[in-house]
Amino acid sequence: MKNKIPSFLLSQHPQMRVTHERGTPRSSYLEKGLRHLSEIITAGFMNVGQETGKGFFRSLDPRLKVLFLVFFVIIVSLKRDIFPEVIIALFMALMVALSHVDFWRFYRKIIGLTFFFGFCIAFPSAFNVVTSGEVIVPVATLAQAYDFWIYHIPREIGLTRQGIEGVVMLCLRVMNSLTISLLVIHTTPFHKIMKALQIFRVPGTFLFIITLSYKYIFIFAKTLENMYLARKSRLVGAVKNHEARMWIAGRIAFIFRKARARYDEVFRAMVARGFTEEVKFSDFGALTRMDGYAGCFFLLTGIVFLWL
Amino acid sequence: MHIPDGYLSPQTYIPLYGVSIAFWGIALKNIKKEVSAKQIPYLAMAAAFSFLVQMFNVPIPGGTTGHAVGAGIIALLLGPWTAVVAVSVVLIIQAFVFGDGGITAIGANCFNMAIVMPFVAFWTFNIMKGSSQGGPRFITAAFLSGYIGLTAAALSAALMFGIQPLIASGPDGRPLYAPYPLSIAIPAMAIEHLLLFSIIEGVVTVMLMRYFLKHEPTLIYSMRKVSCEKV
């Protein structure tokens with residue numbers, strides 16, 4: 001099962017760039033839908049590793065990478081201090097650099113996601129309204145402290161040392177977890193990650209469902225994109241919200257019918273090829289010496305990180 | 001509502017993995033009874049459909065657009081157990097491919113969005129609609145199923161966040177995982193969902209249920225169940 005990207009999924013559509021001739025630019029449901037779909041299709045295929053390419057992580061067995069992913073993500077979640085998280089972050093940066101992944105592009109993405117999922121969510125907790133402690137950055141002083149119900153607003157509002165440490169810790173943990181998972185994902189084809197999950201005794205049926213739906217998603221995403229473009233090309237004026245909702249309901253129902261028809265065809269094709277309800281994945285083959293060394297290295301490094 | 005890695009302590013995410021695995025096992029067993037040998041492509045189809053429902057941006061009164069989580073409508077169209085597997089598969093793909101939701105938090109995310117939400121939506125719909133096969137009561141039931149389903153899932157996530165400072169703090173009292181206590185996590189999640197996101201979910205559920213009721217009522221699982229029971 002080669003993981004080749006169909007050319008139509010990689011092509012850029014100039015008509016997706018929507019410009020407004022007058023008035024304040026405002027995205028319609030069609031434009032947002034198109035943008036959303038385009039992001040999904042591009043990210044879905046670009047994020048997942050391909051068969052080709054060189055680099056430390058790409059050359060490793062997918063089973064080893066999945067074990068690494070789980071082991072290190074758990075280690076990151078167990079650490080309670082900033083120092084070990086910084087060491088793990090440096091170690092992961094080294095792994096990324098050795099894996100022939102576009103380093104700056106990769107870290108731009110990681111930092112963006114960390115800012116969004118880590119900093120933006122956690123930052124308000126650095127204030128003494130949420131995390132009590134020693135105020136090191138005063139922000140405002142009220143006339144008096146306020147108490148209502150279970151809430152307490154202190155007279156002096158500011159960032160606390162404990163709060164800032166908590167935010168830094170959370171951001172580092174989010175960043176390290178994302179780096180570990182994205183490194184494995186960028187260097188391993190999706191179907192191989194799924195196949196490798198068998199080492200955790202995940203039933204083959206469940207993995208097969210995931211693999212099949214992953215393929216369905218991109219096939220139907222393309223269908224959906226065509227629907228949006230067809231609708232957009234027929235529009236000459238503004239569309240009422242009510243009409244837009246009716247159109248969307250109709251298209252979702254159409255996708256539902258099409259998906260049902262497709263699953264029936266897929267099932268018949270599977271039966272015609274000898275499917276007997278028993279799901280079997282082909283074996284990966286034996287681990288190489290390189291995998292053995294890498295496994296030992298990861299194990300030792302993980303133990304050191306646990307001890308730190 | 002996708003919980004990233006780093007926000008939940010191991011004492012939270014490990015048991016939630018256990019609960020989700022138990023539900024997946026029961027769901028696969030139940031679906032096998034209803035869908036027979038076709039369950040693999042059927043569930044893959046359901047998962048793809050569940051993912052694609054999120055791709056439709058719906059114009060909302062007030063000039064904004066939003067998209068649904070879709071777990072409620074999937075439960076009404078395909079049944080709650082199918083929704084458990086379909087939405088879980090989507091969440092797993094989102095975590096692995098798009099970095100949306102953490103790897104350690106897959107169990108927690110599946111619990112909220114693939115277990116709590118479909119079942120609450122399905123039960124709400126069945127209780128509220130009673131024996132009606134259309135009309136305002138049916139539409140109200142559809143809206144409330146989406147609205148209450150998503151709000152319940154959000155509250156479940158808020159509860160998970162809110163208990164972190166209680167169960168995992170450093171020696172100096174600093175929270176080690178999600179920093180917000182229950183007194184902040186619950187109102188924050190509840191208000192934004194009660195006033196915005198759950199309304200979008202309710203509107204999408206109504207839209208689809210109206211369409212299916214008018215054009216293809218036989219495809220609606222919750223309606224099929226009623227007809228079967230009547231026979």
# chains A, B, ... in the order shown; residues from 1 in each chain; ligands from 1
>>> residues_around(residues="stretch 207-214 of chain B", least_positions_apart="5", cutoff="7 Å", atoms="only C-alpha atoms", output="number ranges by chain")
A: 249-250; B: 142
>>> residues_around(residues="A:Val66", least_positions_apart="3", cutoff="12 Å", atoms="only C-alpha atoms", output="PDB file with C-alpha atoms, in the first residue's frame")
ATOM      1  CA  PHE A  57      13.671   9.176  12.188  1.00  0.00           C
ATOM      2  CA  LEU A  60      13.508   3.776  11.858  1.00  0.00           C
ATOM      3  CA  ASP A  61      10.890   1.042  12.081  1.00  0.00           C
ATOM      4  CA  PRO A  62       7.348   2.475  12.612  1.00  0.00           C
ATOM      5  CA  ARG A  63       6.836   0.193  15.659  1.00  0.00           C
ATOM      6  CA  LEU A  69       5.932   8.484  20.836  1.00  0.00           C
ATOM      7  CA  VAL A  70       3.990   6.900  23.679  1.00  0.00           C
ATOM      8  CA  PHE A  71       7.001   6.568  26.018  1.00  0.00           C
ATOM      9  CA  PHE A  72       8.164  10.150  25.577  1.00  0.00           C
ATOM     10  CA  VAL A  73       4.725  11.753  25.630  1.00  0.00           C
ATOM     11  CA  ILE A 180       7.233  14.438  19.702  1.00  0.00           C
ATOM     12  CA  SER A 181       3.954  13.619  18.002  1.00  0.00           C
ATOM     13  CA  LEU A 182       4.522  15.818  14.942  1.00  0.00           C
ATOM     14  CA  LEU A 183       8.054  14.479  14.467  1.00  0.00           C
ATOM     15  CA  VAL A 184       6.714  10.912  14.349  1.00  0.00           C
ATOM     16  CA  ILE A 185       3.814  11.942  12.112  1.00  0.00           C
ATOM     17  CA  THR A 187       8.384  10.981   9.264  1.00  0.00           C
ATOM     18  CA  THR A 188       5.932   8.065   9.065  1.00  0.00           C
ATOM     19  CA  PRO A 189       3.112   7.346   6.598  1.00  0.00           C
ATOM     20  CA  PHE A 190      -0.270   7.329   8.332  1.00  0.00           C
ATOM     21  CA  LYS A 192       2.155   2.549   8.953  1.00  0.00           C
ATOM     22  CA  ILE A 193       1.474   4.383  12.220  1.00  0.00           C
ATOM     23  CA  MET A 194      -1.900   2.637  12.378  1.00  0.00           C
ATOM     24  CA  LYS A 195      -0.366  -0.736  11.572  1.00  0.00           C
ATOM     25  CA  ALA A 196       2.297  -0.198  14.234  1.00  0.00           C
ATOM     26  CA  LEU A 197      -0.380   0.413  16.868  1.00  0.00           C
ATOM     27  CA  GLN A 198      -0.958  -3.348  16.782  1.00  0.00           C
ATOM     28  CA  ILE A 199       1.940  -3.690  19.223  1.00  0.00           C
ATOM     29  CA  PHE A 200      -0.445  -2.193  21.809  1.00  0.00           C
ATOM     30  CA  GLY A 295      15.649   1.624  20.746  1.00  0.00           C
ATOM     31  CA  PHE A 298      15.666   6.054  23.438  1.00  0.00           C
TER      32      PHE A 298
ATOM     33  CA  PHE B  96      -2.496  12.063  14.814  1.00  0.00           C
ATOM     34  CA  ILE B 103      -2.212  11.919  22.127  1.00  0.00           C
TER      35      ILE B 103
END
>>> closest_residue(among="A:Thr141, A:Thr160, A:Ser177, A:Asn226", to="chain B", atoms="only C-alpha atoms")
A:Ser177
>>> residues_around(residues="A:Ala294", least_positions_apart="5", cutoff="10 Å", atoms="only C-alpha atoms", output="list in words")
Phe56, Phe57, Leu60, Asp61, Leu64, Lys65, Phe68, Thr288, Arg289, Leu299 and Leu300 of chain A
>>> write_last_selection(atoms="N, CA, C and O atoms", output="short mmCIF file (atom, residue, chain, number, x, y, z; two decimals), in the first residue's frame")
data_model
loop_
_atom_site.label_atom_id
_atom_site.label_comp_id
_atom_site.auth_asym_id
_atom_site.auth_seq_id
_atom_site.Cartn_x
_atom_site.Cartn_y
_atom_site.Cartn_z
N PHE A 56 17.34 10.50 10.28
CA PHE A 56 17.37 9.53 11.38
C PHE A 56 16.00 8.90 11.65
O PHE A 56 15.86 7.67 11.66
N PHE A 57 14.98 9.72 11.83
CA PHE A 57 13.67 9.18 12.19
C PHE A 57 13.01 8.44 11.03
O PHE A 57 12.29 7.48 11.24
N LEU A 60 13.86 4.71 10.77
CA LEU A 60 13.51 3.78 11.86
C LEU A 60 12.22 3.02 11.57
O LEU A 60 11.37 3.48 10.80
N ASP A 61 12.09 1.87 12.22
CA ASP A 61 10.89 1.04 12.08
C ASP A 61 9.69 1.77 12.72
O ASP A 61 9.81 2.33 13.83
N LEU A 64 8.94 1.08 16.39
CA LEU A 64 9.85 1.75 17.33
C LEU A 64 9.42 3.21 17.53
O LEU A 64 9.42 3.74 18.65
N LYS A 65 9.00 3.84 16.42
CA LYS A 65 8.60 5.25 16.51
C LYS A 65 7.32 5.41 17.33
O LYS A 65 7.18 6.37 18.09
N PHE A 68 8.32 5.02 20.88
CA PHE A 68 9.00 6.27 21.27
C PHE A 68 7.96 7.35 21.57
O PHE A 68 8.04 8.05 22.59
N THR A 288 15.87 -3.93 12.36
CA THR A 288 17.27 -3.91 11.92
C THR A 288 18.19 -3.62 13.12
O THR A 288 17.70 -3.26 14.21
N ARG A 289 19.49 -3.73 12.88
CA ARG A 289 20.44 -3.44 13.96
C ARG A 289 20.33 -1.96 14.37
O ARG A 289 20.42 -1.62 15.54
N LEU A 299 15.53 4.31 25.12
CA LEU A 299 15.21 3.78 26.44
C LEU A 299 16.09 4.44 27.51
O LEU A 299 15.60 4.92 28.54
N LEU A 300 17.39 4.49 27.22
CA LEU A 300 18.32 5.09 28.18
C LEU A 300 18.02 6.58 28.38
O LEU A 300 17.99 7.08 29.51
#
>>> residues_around(residues="stretch 149-159 of chain A", least_positions_apart="3", cutoff="6 Å", atoms="only C-alpha atoms", output="list in words")
Ala126, Phe127, Asn128, Val129, Val135, Val137, Pro138, Val139, Ala140, Thr141, Leu142, Gln144, Ala145 and Tyr146 of chain A
>>> closest_residue(among="B:Phe143, B:Tyr221, B:Phe197, B:Tyr42", to="chain A", atoms="only C-alpha atoms")
B:Tyr42
>>> select_by_dssp(residues="stretch 13-140 of chain B", states="alpha helix (DSSP H)", output="ChimeraX atom specification")
/B:13-35,39-53,71-78,80-93,106-110,117-129,135-140
>>> write_last_selection(atoms="C-alpha atoms", output="CSV table (one decimal), in the first residue's frame")
chain,number,residue,atom,x,y,z
B,13,TYR,CA,-6.1,10.6,31.3
B,14,ILE,CA,-5.3,6.9,32.1
B,15,PRO,CA,-8.7,6.1,33.6
B,16,LEU,CA,-10.4,8.0,30.8
B,17,TYR,CA,-8.5,5.8,28.3
B,18,GLY,CA,-9.9,2.8,30.1
B,19,VAL,CA,-13.5,4.1,30.0
B,20,SER,CA,-13.2,4.9,26.3
B,21,ILE,CA,-11.7,1.5,25.4
B,22,ALA,CA,-14.6,-0.2,27.3
B,23,PHE,CA,-17.1,1.9,25.3
B,24,TRP,CA,-15.4,1.1,22.0
B,25,GLY,CA,-15.5,-2.6,22.7
B,26,ILE,CA,-19.3,-2.4,23.6
B,27,ALA,CA,-20.0,-0.2,20.6
B,28,LEU,CA,-18.2,-2.5,18.1
B,29,LYS,CA,-20.1,-5.5,19.6
B,30,ASN,CA,-23.5,-3.7,19.3
B,31,ILE,CA,-22.8,-2.5,15.8
B,32,LYS,CA,-21.9,-5.9,14.7
B,33,LYS,CA,-25.3,-7.1,15.7
B,34,GLU,CA,-27.0,-4.5,13.6
B,35,VAL,CA,-24.8,-4.0,10.6
B,39,GLN,CA,-19.5,-2.9,9.7
B,40,ILE,CA,-16.0,-1.9,8.6
B,41,PRO,CA,-16.8,0.2,5.5
B,42,TYR,CA,-20.0,1.3,7.2
B,43,LEU,CA,-18.1,2.7,10.3
B,44,ALA,CA,-15.5,4.2,8.1
B,45,MET,CA,-18.2,5.9,6.1
B,46,ALA,CA,-19.8,7.1,9.3
B,47,ALA,CA,-16.5,8.5,10.6
B,48,ALA,CA,-15.8,10.3,7.3
B,49,PHE,CA,-19.3,11.7,7.4
B,50,SER,CA,-18.8,12.8,11.0
B,51,PHE,CA,-15.6,14.6,9.9
B,52,LEU,CA,-17.2,16.3,6.9
B,53,VAL,CA,-20.2,17.6,8.9
B,71,ALA,CA,-21.6,14.1,17.3
B,72,GLY,CA,-25.3,14.8,18.2
B,73,ILE,CA,-26.6,14.7,14.6
B,74,ILE,CA,-24.5,11.5,13.9
B,75,ALA,CA,-26.1,9.9,16.9
B,76,LEU,CA,-29.6,10.8,15.6
B,77,LEU,CA,-28.9,9.7,12.0
B,78,LEU,CA,-26.8,6.6,12.7
B,80,PRO,CA,-25.5,6.4,19.4
B,81,TRP,CA,-23.2,3.4,19.3
B,82,THR,CA,-22.2,4.1,15.7
B,83,ALA,CA,-21.5,7.6,16.8
B,84,VAL,CA,-19.2,6.4,19.6
B,85,VAL,CA,-17.0,4.7,17.0
B,86,ALA,CA,-17.3,7.2,14.2
B,87,VAL,CA,-16.6,10.3,16.3
B,88,SER,CA,-13.7,8.5,18.1
B,89,VAL,CA,-12.1,7.6,14.8
B,90,VAL,CA,-12.4,11.2,13.8
B,91,LEU,CA,-10.8,12.4,17.0
B,92,ILE,CA,-8.0,9.9,16.6
B,93,ILE,CA,-7.3,11.0,13.1
B,106,ILE,CA,-7.4,11.0,23.2
B,107,GLY,CA,-9.3,9.0,25.9
B,108,ALA,CA,-10.6,12.2,27.5
B,109,ASN,CA,-11.6,13.8,24.2
B,110,CYS,CA,-13.3,10.6,23.1
B,117,MET,CA,-22.3,14.1,23.6
B,118,PRO,CA,-23.9,11.4,21.3
B,119,PHE,CA,-25.7,9.7,24.2
B,120,VAL,CA,-26.9,12.9,25.8
B,121,ALA,CA,-28.1,14.2,22.4
B,122,PHE,CA,-29.8,10.9,21.6
B,123,TRP,CA,-31.6,10.6,24.9
B,124,THR,CA,-32.6,14.3,24.9
B,125,PHE,CA,-34.1,13.9,21.5
B,126,ASN,CA,-36.0,10.7,22.3
B,127,ILE,CA,-37.4,12.2,25.6
B,128,MET,CA,-38.3,15.5,24.2
B,129,LYS,CA,-39.9,14.4,21.0
B,135,GLY,CA,-43.9,19.6,13.8
B,136,PRO,CA,-42.7,22.1,16.4
B,137,ARG,CA,-42.1,19.5,19.2
B,138,PHE,CA,-39.9,17.4,16.9
B,139,ILE,CA,-37.9,20.5,15.8
B,140,THR,CA,-37.6,21.7,19.4
>>> closest_residue(among="A:Leu229, A:Met290, A:Val174, A:Val271", to="chain B", atoms="only C-alpha atoms")
A:Val174
>>> closest_residue(among="A:Ala286, A:Ala238, A:Ile210, A:Ala272", to="chain B", atoms="only C-alpha atoms")
A:Ile210
>>> residues_around(residues="A:Lys79", least_positions_apart="3", cutoff="10 Å", atoms="only C-alpha atoms", output="ChimeraX atom specification")
/A:74-76,82-85,169,173,305-308 /B:176
>>> closest_residue(among="A:Leu34, A:Ile209, A:Leu98, A:Val168", to="chain B", atoms="only C-alpha atoms")
A:Ile209
>>> residues_around(residues="A:Leu90", least_positions_apart="2", cutoff="12 Å", atoms="only C-alpha atoms", output="JSON, numbers by chain")
{"A": [83, 84, 85, 86, 87, 88, 92, 93, 94, 95, 96, 97, 172, 175, 176, 179, 180, 305]}
>>> atom_distance(atom1="atom CA of A:Ala261", atom2="atom CA of A:Arg245")
24.3 Å
>>> residues_around(residues="B:Tyr180", least_positions_apart="2", cutoff="12 Å", atoms="only C-alpha atoms", output="ChimeraX atom specification")
/A:121-132,163,166-167 /B:7-8,158-166,168-169,174-178,182-189
>>> atom_distance(atom1="atom CA of B:Pro4", atom2="atom CA of A:Phe116")
10.5 Å
>>> atom_distance(atom1="atom CA of A:Gly133", atom2="atom CA of B:Gly173")
9.1 Å
>>> select_by_dssp(residues="stretch 55-294 of chain A", states="strand (DSSP E or B)", output="PyMOL selection string")
chain A and resi 127+135-141+146-148+151-153+156-160
>>> closest_residue(among="B:Val116, B:Thr205, B:Pro171, B:Gln54", to="A:Lys32", atoms="only C-alpha atoms")
B:Gln54
